[in-house]
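Remarks on the structure that follows.
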Amino acid sequence: MPKIKTHSGAKKRFKLTKNGKVKRAHAFKSHILNKKTTKRKRNLRKVVCADVTNVATVKKLIPYK
């Protein structure tokens with residue numbers, strides 16, 4: 001079997017935890033930050049786990065992580 005190529009965009013955006021969960025960053029934190037409250041921006045900094053419905057897809061994109 002040939003090796004599977006890793007998706008370039010996915011390898012920059014996702015990491016796997018020891019338990020196999022997919023870590024991701026929040027969206028909406030790059031621009032137009034004036035109208036967003038400080039509390040909202042602070043919460044967007046935190047890392048969260050990807051939804052269960054997307055985990056299988058992401059793991060296919062990053063097979064060797």
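Following the order of the structure tokens, first chain is A, next is B, and so on, with residues numbered from 1 inside each chain and ligands from 1 in the order they appear.
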I want to know what sits within 9 Å of Cys49 (chain A), based on only C-alpha atoms, with residues of the same chain fewer than 4 positions away left out; could you give that as a list in words?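 Surrounding residues, per the criterion: Lys21, Val22, Lys23, Arg24 and Ala25 of chain A.
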Take the residues that were just selected and, keeping C-alpha atoms, output them as a PDB file, in the first residue's frame.
ATOM      1  CA  LYS A  21      -9.543  13.647  20.433  1.00  0.00           C
ATOM      2  CA  VAL A  22      -9.048  16.382  17.835  1.00  0.00           C
ATOM      3  CA  LYS A  23      -7.987  19.793  19.161  1.00  0.00           C
ATOM      4  CA  ARG A  24      -8.862  22.903  17.190  1.00  0.00           C
ATOM      5  CA  ALA A  25      -8.874  26.683  17.561  1.00  0.00           C
TER       6      ALA A  25
END
I need the residues in chain A that are strand (DSSP E) according to DSSP; give them as a CSV table (one decimal) with C-alpha atoms, in the first residue's frame.
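So the final result, stored in states_37.csv, reads:
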chain,number,residue,atom,x,y,z
A,15,LYS,CA,-3.7,18.4,16.6
A,16,LEU,CA,-4.5,15.0,18.2
A,22,VAL,CA,-9.0,16.4,17.8
A,23,LYS,CA,-8.0,19.8,19.2
A,24,ARG,CA,-8.9,22.9,17.2
A,25,ALA,CA,-8.9,26.7,17.6
A,47,VAL,CA,-8.6,25.6,22.4
A,48,VAL,CA,-11.5,23.2,22.1
A,49,CYS,CA,-12.1,19.7,20.9
Correct to one decimal, the distance CA of Thr6 (chain A)-CA of Lys18 (chain A) is 19.3 Å
Next on the checklist: When you look at Ser30 (chain A) with a cut-off of 12 Å (counting only C-alpha atoms), what residues show up, excluding the ones that are within fewer than 3 positions of it in the same chain? I need them as a list in words.
Outcome noted: Ala25, His26, Ala27, Leu33, Asn34, Lys36, Lys41, Leu44 and Arg45 of chain A
Residues from the last selection, all heavy atoms, saved as a PDB file, in the first residue's frame:
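Result written to part_17.pdb:
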ATOM      1  N   ALA A  25      -8.719  25.314  17.073  1.00  0.00           N
ATOM      2  CA  ALA A  25      -8.874  26.683  17.561  1.00  0.00           C
ATOM      3  C   ALA A  25     -10.251  27.210  17.161  1.00  0.00           C
ATOM      4  O   ALA A  25     -10.912  26.636  16.281  1.00  0.00           O
ATOM      5  CB  ALA A  25      -7.787  27.560  16.974  1.00  0.00           C
ATOM      6  N   HIS A  26     -10.667  28.276  17.830  1.00  0.00           N
ATOM      7  CA  HIS A  26     -11.932  28.906  17.478  1.00  0.00           C
ATOM      8  C   HIS A  26     -11.792  29.723  16.192  1.00  0.00           C
ATOM      9  O   HIS A  26     -10.712  30.224  15.877  1.00  0.00           O
ATOM     10  CB  HIS A  26     -12.381  29.852  18.587  1.00  0.00           C
ATOM     11  CG  HIS A  26     -13.051  29.165  19.719  1.00  0.00           C
ATOM     12  ND1 HIS A  26     -12.407  28.917  20.916  1.00  0.00           N
ATOM     13  CD2 HIS A  26     -14.296  28.658  19.856  1.00  0.00           C
ATOM     14  CE1 HIS A  26     -13.236  28.304  21.725  1.00  0.00           C
ATOM     15  NE2 HIS A  26     -14.395  28.125  21.112  1.00  0.00           N
ATOM     16  N   ALA A  27     -12.895  29.883  15.492  1.00  0.00           N
ATOM     17  CA  ALA A  27     -12.943  30.764  14.327  1.00  0.00           C
ATOM     18  C   ALA A  27     -13.320  32.169  14.783  1.00  0.00           C
ATOM     19  O   ALA A  27     -13.562  32.401  15.970  1.00  0.00           O
ATOM     20  CB  ALA A  27     -13.972  30.241  13.323  1.00  0.00           C
ATOM     21  N   LEU A  33     -12.277  42.982  14.938  1.00  0.00           N
ATOM     22  CA  LEU A  33     -12.284  42.692  16.368  1.00  0.00           C
ATOM     23  C   LEU A  33     -12.832  43.844  17.206  1.00  0.00           C
ATOM     24  O   LEU A  33     -13.027  43.679  18.408  1.00  0.00           O
ATOM     25  CB  LEU A  33     -10.862  42.335  16.829  1.00  0.00           C
ATOM     26  CG  LEU A  33     -10.267  41.089  16.147  1.00  0.00           C
ATOM     27  CD1 LEU A  33      -8.823  40.927  16.527  1.00  0.00           C
ATOM     28  CD2 LEU A  33     -11.050  39.849  16.485  1.00  0.00           C
ATOM     29  N   ASN A  34     -13.081  45.013  16.576  1.00  0.00           N
ATOM     30  CA  ASN A  34     -13.568  46.167  17.334  1.00  0.00           C
ATOM     31  C   ASN A  34     -14.939  45.931  17.937  1.00  0.00           C
ATOM     32  O   ASN A  34     -15.184  46.292  19.089  1.00  0.00           O
ATOM     33  CB  ASN A  34     -13.634  47.408  16.441  1.00  0.00           C
ATOM     34  CG  ASN A  34     -12.258  47.884  16.062  1.00  0.00           C
ATOM     35  OD1 ASN A  34     -11.307  47.637  16.778  1.00  0.00           O
ATOM     36  ND2 ASN A  34     -12.165  48.552  14.928  1.00  0.00           N
ATOM     37  N   LYS A  36     -16.360  43.138  18.690  1.00  0.00           N
ATOM     38  CA  LYS A  36     -16.447  41.987  19.586  1.00  0.00           C
ATOM     39  C   LYS A  36     -15.997  42.396  20.982  1.00  0.00           C
ATOM     40  O   LYS A  36     -15.022  43.128  21.141  1.00  0.00           O
ATOM     41  CB  LYS A  36     -15.584  40.845  19.062  1.00  0.00           C
ATOM     42  CG  LYS A  36     -16.122  40.288  17.760  1.00  0.00           C
ATOM     43  CD  LYS A  36     -15.175  39.366  17.068  1.00  0.00           C
ATOM     44  CE  LYS A  36     -15.690  39.059  15.671  1.00  0.00           C
ATOM     45  NZ  LYS A  36     -14.644  38.645  14.776  1.00  0.00           N
ATOM     46  N   LYS A  41     -13.601  37.809  22.836  1.00  0.00           N
ATOM     47  CA  LYS A  41     -12.283  37.584  22.235  1.00  0.00           C
ATOM     48  C   LYS A  41     -11.409  36.708  23.123  1.00  0.00           C
ATOM     49  O   LYS A  41     -10.652  35.868  22.635  1.00  0.00           O
ATOM     50  CB  LYS A  41     -11.593  38.929  21.967  1.00  0.00           C
ATOM     51  CG  LYS A  41     -12.229  39.707  20.829  1.00  0.00           C
ATOM     52  CD  LYS A  41     -11.454  40.947  20.497  1.00  0.00           C
ATOM     53  CE  LYS A  41     -11.732  42.062  21.467  1.00  0.00           C
ATOM     54  NZ  LYS A  41     -11.191  43.361  21.002  1.00  0.00           N
ATOM     55  N   LEU A  44     -12.417  33.174  22.692  1.00  0.00           N
ATOM     56  CA  LEU A  44     -12.032  32.641  21.387  1.00  0.00           C
ATOM     57  C   LEU A  44     -10.579  32.174  21.366  1.00  0.00           C
ATOM     58  O   LEU A  44     -10.183  31.423  20.481  1.00  0.00           O
ATOM     59  CB  LEU A  44     -12.251  33.695  20.302  1.00  0.00           C
ATOM     60  CG  LEU A  44     -13.694  34.011  19.940  1.00  0.00           C
ATOM     61  CD1 LEU A  44     -13.750  35.168  18.967  1.00  0.00           C
ATOM     62  CD2 LEU A  44     -14.405  32.809  19.376  1.00  0.00           C
ATOM     63  N   ARG A  45      -9.773  32.619  22.341  1.00  0.00           N
ATOM     64  CA  ARG A  45      -8.380  32.179  22.420  1.00  0.00           C
ATOM     65  C   ARG A  45      -8.248  30.719  22.829  1.00  0.00           C
ATOM     66  O   ARG A  45      -7.276  30.066  22.509  1.00  0.00           O
ATOM     67  CB  ARG A  45      -7.640  33.009  23.474  1.00  0.00           C
ATOM     68  CG  ARG A  45      -7.131  34.314  22.992  1.00  0.00           C
ATOM     69  CD  ARG A  45      -6.279  34.938  24.089  1.00  0.00           C
ATOM     70  NE  ARG A  45      -6.633  36.346  24.256  1.00  0.00           N
ATOM     71  CZ  ARG A  45      -6.689  36.985  25.428  1.00  0.00           C
ATOM     72  NH1 ARG A  45      -6.414  36.353  26.550  1.00  0.00           N
ATOM     73  NH2 ARG A  45      -7.013  38.247  25.468  1.00  0.00           N
TER      74      ARG A  45
END
Selection near region 7-10 of chain A, 8 Å with only C-alpha atoms, sequence-local residues under 6 positions removed, as an mmCIF file with C-alpha atoms, in the first residue's frame:
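Generated output (result-v8.cif):
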data_model
loop_
_atom_site.group_PDB
_atom_site.id
_atom_site.type_symbol
_atom_site.label_atom_id
_atom_site.label_comp_id
_atom_site.auth_asym_id
_atom_site.auth_seq_id
_atom_site.Cartn_x
_atom_site.Cartn_y
_atom_site.Cartn_z
ATOM 1 C CA VAL A 58 -10.238 15.066 10.263
ATOM 2 C CA LEU A 61 -6.856 14.108 6.598
ATOM 3 C CA ILE A 62 -4.037 13.796 9.153
#
Inset, instruction - Could you tell me which of A:Tyr64, A:Val55, A:Lys3, A:Lys35 comes closest to Gly20 (chain A) if we count only C-alpha atoms? - result: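 The answer is A:Val55, which sits nearest to Gly20 (chain A).
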Using DSSP on the backbone coordinates, identify the residues of chain A assigned to alpha helix (DSSP H); present them as an mmCIF file with N, CA and C atoms, in the first residue's frame.
data_model
loop_
_atom_site.group_PDB
_atom_site.id
_atom_site.type_symbol
_atom_site.label_atom_id
_atom_site.label_comp_id
_atom_site.auth_asym_id
_atom_site.auth_seq_id
_atom_site.Cartn_x
_atom_site.Cartn_y
_atom_site.Cartn_z
ATOM 1 N N SER A 8 -2.542 19.476 3.726
ATOM 2 C CA SER A 8 -1.711 20.592 4.198
ATOM 3 C C SER A 8 -2.467 21.557 5.100
ATOM 4 N N GLY A 9 -3.712 21.854 4.744
ATOM 5 C CA GLY A 9 -4.504 22.770 5.562
ATOM 6 C C GLY A 9 -4.861 22.168 6.903
ATOM 7 N N ALA A 10 -5.167 20.882 6.906
ATOM 8 C CA ALA A 10 -5.584 20.217 8.139
ATOM 9 C C ALA A 10 -4.427 20.073 9.119
ATOM 10 N N LYS A 11 -3.227 19.832 8.621
ATOM 11 C CA LYS A 11 -2.092 19.639 9.533
ATOM 12 C C LYS A 11 -1.737 20.921 10.272
ATOM 13 N N LYS A 12 -2.093 22.075 9.677
ATOM 14 C CA LYS A 12 -1.840 23.356 10.338
ATOM 15 C C LYS A 12 -2.926 23.696 11.350
ATOM 16 N N ARG A 13 -4.111 23.126 11.188
ATOM 17 C CA ARG A 13 -5.258 23.532 11.999
ATOM 18 C C ARG A 13 -5.600 22.582 13.139
ATOM 19 N N THR A 38 -14.450 42.165 24.805
ATOM 20 C CA THR A 38 -13.199 41.609 25.332
ATOM 21 C C THR A 38 -13.417 40.191 25.830
ATOM 22 N N LYS A 39 -14.535 39.968 26.467
ATOM 23 C CA LYS A 39 -14.851 38.632 26.995
ATOM 24 C C LYS A 39 -14.969 37.618 25.864
ATOM 25 N N ARG A 40 -15.625 38.031 24.791
ATOM 26 C CA ARG A 40 -15.799 37.135 23.652
ATOM 27 C C ARG A 40 -14.460 36.793 23.013
ATOM 28 N N LYS A 41 -13.601 37.809 22.836
ATOM 29 C CA LYS A 41 -12.283 37.584 22.235
ATOM 30 C C LYS A 41 -11.409 36.708 23.123
ATOM 31 N N ARG A 42 -11.514 36.900 24.429
ATOM 32 C CA ARG A 42 -10.749 36.095 25.383
ATOM 33 C C ARG A 42 -11.173 34.625 25.298
ATOM 34 N N ASN A 43 -12.465 34.381 25.171
ATOM 35 C CA ASN A 43 -12.961 33.000 25.069
ATOM 36 C C ASN A 43 -12.590 32.357 23.742
ATOM 37 N N LEU A 44 -12.417 33.174 22.692
ATOM 38 C CA LEU A 44 -12.032 32.641 21.387
ATOM 39 C C LEU A 44 -10.579 32.174 21.366
ATOM 40 N N VAL A 52 -17.800 15.557 17.531
ATOM 41 C CA VAL A 52 -17.703 14.116 17.256
ATOM 42 C C VAL A 52 -18.027 13.798 15.803
ATOM 43 N N THR A 53 -18.939 14.574 15.211
ATOM 44 C CA THR A 53 -19.356 14.323 13.831
ATOM 45 C C THR A 53 -18.248 14.589 12.822
ATOM 46 N N ASN A 54 -17.246 15.394 13.210
ATOM 47 C CA ASN A 54 -16.161 15.746 12.291
ATOM 48 C C ASN A 54 -14.865 14.991 12.547
ATOM 49 N N VAL A 55 -14.782 14.262 13.656
ATOM 50 C CA VAL A 55 -13.524 13.644 14.072
ATOM 51 C C VAL A 55 -13.017 12.635 13.043
ATOM 52 N N ALA A 56 -13.889 11.784 12.530
ATOM 53 C CA ALA A 56 -13.468 10.754 11.572
ATOM 54 C C ALA A 56 -12.896 11.380 10.308
ATOM 55 N N THR A 57 -13.527 12.448 9.826
ATOM 56 C CA THR A 57 -13.058 13.130 8.630
ATOM 57 C C THR A 57 -11.682 13.748 8.840
ATOM 58 N N VAL A 58 -11.504 14.407 9.978
ATOM 59 C CA VAL A 58 -10.238 15.066 10.263
ATOM 60 C C VAL A 58 -9.110 14.042 10.400
ATOM 61 N N LYS A 59 -9.403 12.932 11.047
ATOM 62 C CA LYS A 59 -8.371 11.899 11.225
ATOM 63 C C LYS A 59 -7.924 11.290 9.901
ATOM 64 N N LYS A 60 -8.808 11.245 8.917
ATOM 65 C CA LYS A 60 -8.416 10.782 7.579
ATOM 66 C C LYS A 60 -7.488 11.780 6.907
ATOM 67 N N LEU A 61 -7.679 13.070 7.206
ATOM 68 C CA LEU A 61 -6.856 14.108 6.598
ATOM 69 C C LEU A 61 -5.461 14.175 7.207
#
